[in-house]
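Each remark here refers to the structure printed beneath this line.
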Amino acid sequence: MNEIPKIILNSGKEESPKRFHPWIFSGAVKKAPENIKNGDVVEVYSSKDAYLGTGHYQKGSIMVRLFSFNKIVPDVAFWKAKIQNAYNYRQSIGLTNNANTNVYRLVYGEGDGLPGLIIDFYNGTVVIQTHSIGMYRERHLFVEALKEIYGDKLKSVYDKSKESLGVSGTKIPVDSEIESELKNGYLFGTGSEKEVLENGHKFSIDWEEGQKTGFFIDQRENRKLVAQYAPNKKVLDCFCYAGGFSVYALKAGAAEVHSVDSSKAAIKLTDNNINLNFGGAANHTSHVADAFDFLGKNASEYDMMIIDPPAFAKHRDARHQAVMGYRRLNALAIKGIKPGGIIFTFSCSQVVDKYLFHGAITAAAIDAGRNVRIVKYLSHPADHPISIYHPEGEYLKGMILFVE
Ligand code: SAH
């Protein structure tokens, strides 16, 4: 058997992997083999030659993403055990066999000890999105593991790594070799049932053309909370994408719901999902519009708003601009909403942490000059677990505000 190449760390840099943090930064590395390629499996050792972990190598600031802290061989049995572990966790939180919900995140990267790997389950179709070249190279082994875990329940596996790995995706330096082979497509099956159930609500998922893996699964529990507050209210769902919040609000008895997104394709998905749940009977209208413009003109019509923008900052350098964006957006909402109004506001920018987001919302309230109470803090649900050793895994932050 081939030896796994060794990466040796500078003295003192073993502390982080010893505490199970899965990232080895390039500055911590003393020596890497010369012929090493992006995506290769490597073992990491301390300067005193003590084994620390096994992971995928990739040129860049995060040089190794560790997926094991025990010496292992990453064969199909290893990956199967890791994914089985992720499955067992979802089973224990009641997601794998649930009559009302058949869409959930099966693997959430570092939170499942699998940095660089996202796997979502959509009622029999599994969508894989890799964020590292190493995980991309392992994708066929994941399919084997998924077949064993799900058996007949698995209808197809779709690989959607082009956006997450390609030049248009994150700033990962992609090998020319990978770039040429990188295309989205089925690794197993040919696609099947697109309709899923989330808390009893129907959604049609477009994993091929839609954003991310097709649906924002991370808002499942926050949508339930929206339902709790929505009865009899006139609700604005800003940045609605596929209309998740709008469907819940209408089902719960909202008087009227307006959905806004700048993308025509997103509005088409929303209309389709409203239709799927209510036929033509819903008191709903959708608008292709810029949310800032729409709020500036119409905010005073609403009793309740959901503000769920895309990540305003994907990198640290954009953080200040992002905070200013959240401040401006939320000031428009807070200023305009009817007295006694409820705002669900979110940020999914990983580089804007909850304290910074809280500061942006406070500044927005001051700008709007109204009395605002915090009803509740929100996050992502249990199928997006955060490793206690990797707090960077927390990305979705939200607040429910009550505006007097
Ligand atoms: N709330 C959604 C997810 C929102 S994702 C859900 O629960 O599923 C963010 C959405 O914002 C995307 O659909 C994107 O098309 C839209 N968007 C981006 N910029 C926008 C803008 N300036 N105005 C309105 N929508 C925008």
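Convention: chains lettered A, B, ... in structure tokens order; per-chain residue numbering from 1; ligands numbered from 1 as shown.
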
DSSP helix (DSSP H, G or I) selection over range 178-322 of chain A, as JSON, numbers by chain: {"A": [178, 179, 180, 181, 217, 218, 219, 220, 221, 222, 223, 224, 225, 226, 227, 228, 229, 244, 245, 246, 247, 248, 249, 250, 251, 264, 265, 266, 267, 268, 269, 270, 271, 272, 273, 274, 275, 276, 277, 278, 291, 292, 293, 294, 295, 296, 297, 298, 299, 300, 301, 316, 317, 318, 319, 320, 321, 322]}

Non-local contacts of range 272-275 of chain A (10 Å; only C-alpha atoms; under 5 positions in same chain excluded) as a ChimeraX atom specification: /A:195,201-205,242-244,246-248,250-251,266-267,280-285

Now that the selection is made, can you save its residues with N, CA, C and O atoms as a PDB file, in the first residue's frame?
```pdb
ATOM      1  N   GLU A 195     -40.887  16.984  -5.904  1.00  0.00           N
ATOM      2  CA  GLU A 195     -41.722  17.569  -4.853  1.00  0.00           C
ATOM      3  C   GLU A 195     -41.309  17.030  -3.491  1.00  0.00           C
ATOM      4  O   GLU A 195     -41.184  15.818  -3.317  1.00  0.00           O
ATOM      5  N   HIS A 201     -45.632  21.291   4.301  1.00  0.00           N
ATOM      6  CA  HIS A 201     -45.806  22.216   3.179  1.00  0.00           C
ATOM      7  C   HIS A 201     -45.113  21.634   1.960  1.00  0.00           C
ATOM      8  O   HIS A 201     -44.025  21.060   2.065  1.00  0.00           O
ATOM      9  N   LYS A 202     -45.731  21.831   0.782  1.00  0.00           N
ATOM     10  CA  LYS A 202     -45.146  21.247  -0.433  1.00  0.00           C
ATOM     11  C   LYS A 202     -44.213  22.239  -1.126  1.00  0.00           C
ATOM     12  O   LYS A 202     -44.538  23.412  -1.268  1.00  0.00           O
ATOM     13  N   PHE A 203     -43.088  21.737  -1.599  1.00  0.00           N
ATOM     14  CA  PHE A 203     -42.180  22.554  -2.407  1.00  0.00           C
ATOM     15  C   PHE A 203     -41.642  21.730  -3.563  1.00  0.00           C
ATOM     16  O   PHE A 203     -41.342  20.551  -3.386  1.00  0.00           O
ATOM     17  N   SER A 204     -41.548  22.366  -4.711  1.00  0.00           N
ATOM     18  CA  SER A 204     -40.924  21.715  -5.849  1.00  0.00           C
ATOM     19  C   SER A 204     -39.487  22.231  -5.922  1.00  0.00           C
ATOM     20  O   SER A 204     -39.249  23.437  -5.955  1.00  0.00           O
ATOM     21  N   ILE A 205     -38.536  21.318  -5.921  1.00  0.00           N
ATOM     22  CA  ILE A 205     -37.129  21.721  -5.811  1.00  0.00           C
ATOM     23  C   ILE A 205     -36.435  21.596  -7.167  1.00  0.00           C
ATOM     24  O   ILE A 205     -36.485  20.548  -7.805  1.00  0.00           O
ATOM     25  N   ALA A 242     -37.592  30.762  -3.267  1.00  0.00           N
ATOM     26  CA  ALA A 242     -38.654  29.857  -3.709  1.00  0.00           C
ATOM     27  C   ALA A 242     -39.945  30.035  -2.910  1.00  0.00           C
ATOM     28  O   ALA A 242     -40.855  29.214  -2.990  1.00  0.00           O
ATOM     29  N   GLY A 243     -40.004  31.091  -2.106  1.00  0.00           N
ATOM     30  CA  GLY A 243     -41.242  31.399  -1.393  1.00  0.00           C
ATOM     31  C   GLY A 243     -41.482  30.581  -0.128  1.00  0.00           C
ATOM     32  O   GLY A 243     -42.619  30.457   0.321  1.00  0.00           O
ATOM     33  N   GLY A 244     -40.418  30.064   0.455  1.00  0.00           N
ATOM     34  CA  GLY A 244     -40.568  29.245   1.669  1.00  0.00           C
ATOM     35  C   GLY A 244     -41.363  29.952   2.760  1.00  0.00           C
ATOM     36  O   GLY A 244     -42.376  29.443   3.243  1.00  0.00           O
ATOM     37  N   SER A 246     -43.240  32.557   2.513  1.00  0.00           N
ATOM     38  CA  SER A 246     -44.574  32.972   2.046  1.00  0.00           C
ATOM     39  C   SER A 246     -45.585  31.827   2.172  1.00  0.00           C
ATOM     40  O   SER A 246     -46.723  32.035   2.604  1.00  0.00           O
ATOM     41  N   VAL A 247     -45.160  30.629   1.793  1.00  0.00           N
ATOM     42  CA  VAL A 247     -46.070  29.473   1.881  1.00  0.00           C
ATOM     43  C   VAL A 247     -46.478  29.226   3.333  1.00  0.00           C
ATOM     44  O   VAL A 247     -47.658  29.051   3.644  1.00  0.00           O
ATOM     45  N   TYR A 248     -45.518  29.275   4.238  1.00  0.00           N
ATOM     46  CA  TYR A 248     -45.837  29.044   5.659  1.00  0.00           C
ATOM     47  C   TYR A 248     -46.789  30.124   6.182  1.00  0.00           C
ATOM     48  O   TYR A 248     -47.708  29.840   6.941  1.00  0.00           O
ATOM     49  N   LEU A 250     -48.940  32.000   4.546  1.00  0.00           N
ATOM     50  CA  LEU A 250     -50.292  31.854   3.995  1.00  0.00           C
ATOM     51  C   LEU A 250     -51.024  30.668   4.628  1.00  0.00           C
ATOM     52  O   LEU A 250     -52.198  30.778   4.992  1.00  0.00           O
ATOM     53  N   LYS A 251     -50.320  29.556   4.774  1.00  0.00           N
ATOM     54  CA  LYS A 251     -50.924  28.363   5.395  1.00  0.00           C
ATOM     55  C   LYS A 251     -51.404  28.671   6.807  1.00  0.00           C
ATOM     56  O   LYS A 251     -52.424  28.162   7.265  1.00  0.00           O
ATOM     57  N   ALA A 266     -36.402  33.060  -9.530  1.00  0.00           N
ATOM     58  CA  ALA A 266     -36.838  32.817  -8.149  1.00  0.00           C
ATOM     59  C   ALA A 266     -38.343  33.063  -8.017  1.00  0.00           C
ATOM     60  O   ALA A 266     -39.066  32.290  -7.387  1.00  0.00           O
ATOM     61  N   ILE A 267     -38.814  34.140  -8.635  1.00  0.00           N
ATOM     62  CA  ILE A 267     -40.249  34.453  -8.550  1.00  0.00           C
ATOM     63  C   ILE A 267     -41.080  33.349  -9.218  1.00  0.00           C
ATOM     64  O   ILE A 267     -42.157  32.984  -8.737  1.00  0.00           O
ATOM     65  N   GLY A 280     -55.195  28.418  -7.077  1.00  0.00           N
ATOM     66  CA  GLY A 280     -55.281  29.861  -7.325  1.00  0.00           C
ATOM     67  C   GLY A 280     -55.849  30.615  -6.139  1.00  0.00           C
ATOM     68  O   GLY A 280     -56.117  31.814  -6.228  1.00  0.00           O
ATOM     69  N   ALA A 281     -56.023  29.927  -5.014  1.00  0.00           N
ATOM     70  CA  ALA A 281     -56.833  30.499  -3.931  1.00  0.00           C
ATOM     71  C   ALA A 281     -56.085  31.370  -2.931  1.00  0.00           C
ATOM     72  O   ALA A 281     -56.675  31.872  -1.983  1.00  0.00           O
ATOM     73  N   ALA A 282     -54.796  31.572  -3.133  1.00  0.00           N
ATOM     74  CA  ALA A 282     -54.045  32.307  -2.107  1.00  0.00           C
ATOM     75  C   ALA A 282     -54.117  33.808  -2.318  1.00  0.00           C
ATOM     76  O   ALA A 282     -54.127  34.282  -3.457  1.00  0.00           O
ATOM     77  N   ASN A 283     -54.155  34.546  -1.231  1.00  0.00           N
ATOM     78  CA  ASN A 283     -54.097  36.003  -1.322  1.00  0.00           C
ATOM     79  C   ASN A 283     -52.628  36.413  -1.371  1.00  0.00           C
ATOM     80  O   ASN A 283     -52.030  36.847  -0.384  1.00  0.00           O
ATOM     81  N   HIS A 284     -52.050  36.251  -2.558  1.00  0.00           N
ATOM     82  CA  HIS A 284     -50.600  36.407  -2.714  1.00  0.00           C
ATOM     83  C   HIS A 284     -50.263  37.122  -4.020  1.00  0.00           C
ATOM     84  O   HIS A 284     -50.874  36.844  -5.045  1.00  0.00           O
ATOM     85  N   THR A 285     -49.291  38.032  -3.954  1.00  0.00           N
ATOM     86  CA  THR A 285     -48.748  38.579  -5.208  1.00  0.00           C
ATOM     87  C   THR A 285     -47.230  38.560  -5.123  1.00  0.00           C
ATOM     88  O   THR A 285     -46.649  38.685  -4.040  1.00  0.00           O
TER      89      THR A 285
END
```

Hey, which bits of chain A sit within 6 Å of ligand 1, and for each residue what's the closest pair of atoms and how far apart in Å (one decimal), counting only C-alpha atoms and all ligand atoms, rows by chain and increasing number, as CSV?
```
residue,atom,partner,partner_atom_place_in_ligand_line,distance
A:Phe215,CA,ligand 1,8 (O),6.0
A:Phe216,CA,ligand 1,8 (O),4.6
A:Gln219,CA,ligand 1,7 (O),5.8
A:Phe239,CA,ligand 1,11 (O),3.9
A:Cys240,CA,ligand 1,1 (N),4.3
A:Tyr241,CA,ligand 1,13 (O),3.5
A:Ala242,CA,ligand 1,8 (O),5.3
A:Gly244,CA,ligand 1,7 (O),4.7
A:Phe245,CA,ligand 1,7 (O),5.7
A:Asp261,CA,ligand 1,25 (N),3.7
A:Ser262,CA,ligand 1,25 (N),4.0
A:Ser263,CA,ligand 1,15 (O),4.6
A:Ala266,CA,ligand 1,13 (O),5.5
A:Ala289,CA,ligand 1,24 (C),5.8
A:Asp290,CA,ligand 1,23 (N),3.5
A:Ala291,CA,ligand 1,23 (N),3.8
A:Asp308,CA,ligand 1,1 (N),5.0
A:Pro309,CA,ligand 1,9 (C),4.7
A:Pro310,CA,ligand 1,9 (C),4.1
```

Test item: residues at most 12 Å from Lys233 in chain A, only C-alpha atoms, excluding those fewer than 2 positions along its chain, as a PyMOL selection string: chain A and resi 226-231+235-236+246+249-250+252-258+283+301-305+337-338+340-343

Per-residue DSSP, range 294-385 of chain A, filtered to strand (DSSP E), as an MDAnalysis selection string: chainID A and resid 304:307 341:347 372:378

Save out the residues we just selected, C-alpha atoms, as a JSON list (two decimals), in the first residue's frame.
```json
[["chain", "number", "residue", "atom", "x", "y", "z"],
["A", 304, "MET", "CA", -44.84, 41.73, 9.30],
["A", 305, "MET", "CA", -41.69, 41.37, 7.20],
["A", 306, "ILE", "CA", -39.10, 38.73, 6.49],
["A", 307, "ILE", "CA", -35.73, 40.10, 5.39],
["A", 341, "GLY", "CA", -44.93, 45.29, 13.47],
["A", 342, "ILE", "CA", -42.83, 42.12, 13.50],
["A", 343, "ILE", "CA", -39.61, 41.80, 11.51],
["A", 344, "PHE", "CA", -37.70, 38.57, 10.96],
["A", 345, "THR", "CA", -34.25, 39.69, 9.86],
["A", 346, "PHE", "CA", -31.30, 37.49, 8.86],
["A", 347, "SER", "CA", -27.68, 37.46, 7.80],
["A", 372, "VAL", "CA", -37.48, 48.20, 18.92],
["A", 373, "ARG", "CA", -37.60, 45.11, 21.11],
["A", 374, "ILE", "CA", -35.74, 41.88, 20.44],
["A", 375, "VAL", "CA", -38.25, 39.05, 20.61],
["A", 376, "LYS", "CA", -35.85, 36.21, 19.87],
["A", 377, "TYR", "CA", -32.46, 35.30, 18.38],
["A", 378, "LEU", "CA", -32.42, 32.79, 15.53]]
```
